Every structure is written in structure tokens, then in C-alpha cells.
Amino acid sequence: MGAFLPSVSDLREQAGRALFAQVAGPAGEENRARIHDTPGPRWFDSGRPVRTVHGDASMFIGGLRALLLQSLHPLAMAAVAAHSGYRGDPWGRLQRTSTFLATTTYGTADDAQAAVDRVRATHVRVRGHTPSGELYHAADPHLLGWVHAAEVDSFLMAHQRYGARPLDAPGADAYVADTALIAEALGVIDPPRNREELTAALAAYRPELRSTREAREAAHFIAHHPPLPLVARPLYAVLASNAVLTLPAWARTALRLRRPALVPRGGVEAAGHLLTRTIRWAMAPAPAVTG
């Protein structure tokens, strides 16, 4: 009978394959092979902090936090609401984003530049007006600067709190500097290159941020109504709760988000640490069999 029970290695492989397929999409295996196995120079060497951060399971929390924080800029939110398909095809959006991050972080320099060129071509076409009549254009360097700053701040904060190997102070500054290379390629003018500059950039955007109906609806969708089967929703709720918990208090208030009232703060964080460790275990390569 025991021979028919799955081993720990089998469980790891099955869980990792299912999670990877959900995040990376149907072409995930093909993209992974191309990104990691194609020879050639890369934008980032193997020891760079951007590789450490973007390869860790804490990105699941950081990515959700970034989406929530980014929504508070009314021009960015209007562009997302009108053009991204986050409600109709949220997993497709996630898969495109994860492939872009993987390509620019780990892929060859040629593939990274091609990925950036595709995104820039899309940004040129994304323009319109907010419900209040303000003009937005996704290729606007100033708007791109907000999206970048919110994303980098979220990825770094999540990594420092939930990552397997949090960066030291010089490493955290180097991560911000690494991501500036990608930001400049996308069209951001003078992106932050250390944590002090990142903090200043976020503060400079604060007067432009506000709660809008579109932002609150998007936040409610992200935090409470993910397009997932019921069995997966408790796990997603842990990720979303930790993403909300790490937002600045003013951002949680603006989005009308609260951490679970019946769960102590320490309980939310403990669950976040446990789940990210579990994801990290599931997606790690199985140890080689020797002997």
C-alpha cells in the first residue's frame, strides 16, 4: 500500500508545477527554458540583488502590495481600469508581468531589451481620460516613475520582511540601483538609485494620490474577490492580508482596507511567513538523488 502513497519529493514537484503554471501561464516552461538557458550576456550578473529579490516567494506578497499602492494614482488607475483587463483576465495580466520580470532580471540582454520594447510599444497606445476628464498616457515618464517607485518599494519591503535572505543595507540600496536600469529602459527619467532617493520619490508623488471609486473597487477585487477556486482562497487571503498589512496606514485608509479584525497582527505575519516558506519549498528544485 505504501508504494502508492506520494513521496515528499512527488508532492513538492506537483505543488510547484501547479503554482508555476498558474503564475507563468501555458507557455511558462518554454519561457523559463529560453530565459535561463539561452547563452549570452545579461543585464544583471548572478550575484546581483535584483536576482535575489525577484526570485523569492516574497514576491507574491510584494506584487499584491504594488498593485494596491499603484491604484492610488488616479491616472495610473484609469489606465489599468480601461486597458489592462484586470477583471476579465487577471491571471493573464499576472502571467505577462511575471514573464517580463523574469526576462529582464534573468534573460539575455537581447531578450530583455526586446521585452522592454514590447512594453513601450504597448504604452504608446494606452491613452485616454479619467472619469473626471484628466488626460492619461501610459508612456508619460512621470506616470511611469510612480508605477516604478511603488513597485520597487513593494518588492523590497516584502523581501525584507518575508524573504529567505533579507538584504543588508548596501544590498537594499543596490537592489534599487539595479531596478533603475530597467526603469530607464522603460522610459522613466532619473529613477531612484538608493533607498533614500526611493523614499523621496514616493513622498514627492503623495500630493497626486487619492482615493477614487476605481481604486477602491480594484482594491476590493484584489483583496477579497480573487478569481480562484474556493479551496485556494484561504491561502490567497493570507497573501492579500499581508500585502494590506505592509501598506502605509494612509494607503489602507484611502483604499478602505483593513487587516482581518479577528486576527492579531502577529497572527497575520506568522501566517505570511509560513505560507511564503511553503511556496519557496514547493517551487524549489527537488534535491538530486545520489548513491
# chains A, B, ... in the order shown; residues from 1 in each chain; ligands from 1

call {"tool": "closest_atom_pairs", "arguments": {"of": "segment 99-128 of chain A", "to": "segment 67-75 of chain A", "cutoff": "12 Å", "atoms": "only C-alpha atoms", "output": "CSV"}}
result
residue,atom,partner,partner_atom,distance
A:Val126,CA,A:Leu75,CA,11.4
A:Arg127,CA,A:Leu75,CA,9.8
A:Gly128,CA,A:Leu75,CA,9.3

call {"tool": "write_last_selection", "arguments": {"atoms": "C-alpha atoms", "output": "PDB file, in the first residue's frame"}}
result
ATOM      1  CA  VAL A 126      -2.594  53.365 -23.946  1.00  0.00           C
ATOM      2  CA  ARG A 127      -4.124  56.797 -23.509  1.00  0.00           C
ATOM      3  CA  GLY A 128      -7.459  58.298 -22.562  1.00  0.00           C
TER       4      GLY A 128
END

call {"tool": "select_by_dssp", "arguments": {"residues": "segment 55-213 of chain A", "states": "helix (DSSP H, G or I)", "output": "PyMOL selection string"}}
result
chain A and resi 59-70+74-83+90-106+109-125+141-162+169-186+195-208+213

call {"tool": "residues_around", "arguments": {"residues": "Thr103 of chain A", "least_positions_apart": "2", "cutoff": "10 Å", "atoms": "only C-alpha atoms", "output": "VMD selection string"}}
result
chain A and resid 31 to 32 34 to 36 42 to 43 97 to 101 105 to 116

call {"tool": "atom_distance", "arguments": {"atom1": "atom CA of Val176 of chain A", "atom2": "atom CA of His159 of chain A"}}
result
12.6 Å

call {"tool": "atom_distance", "arguments": {"atom1": "atom CA of Ala139 of chain A", "atom2": "atom CA of Ile182 of chain A"}}
result
14.6 Å
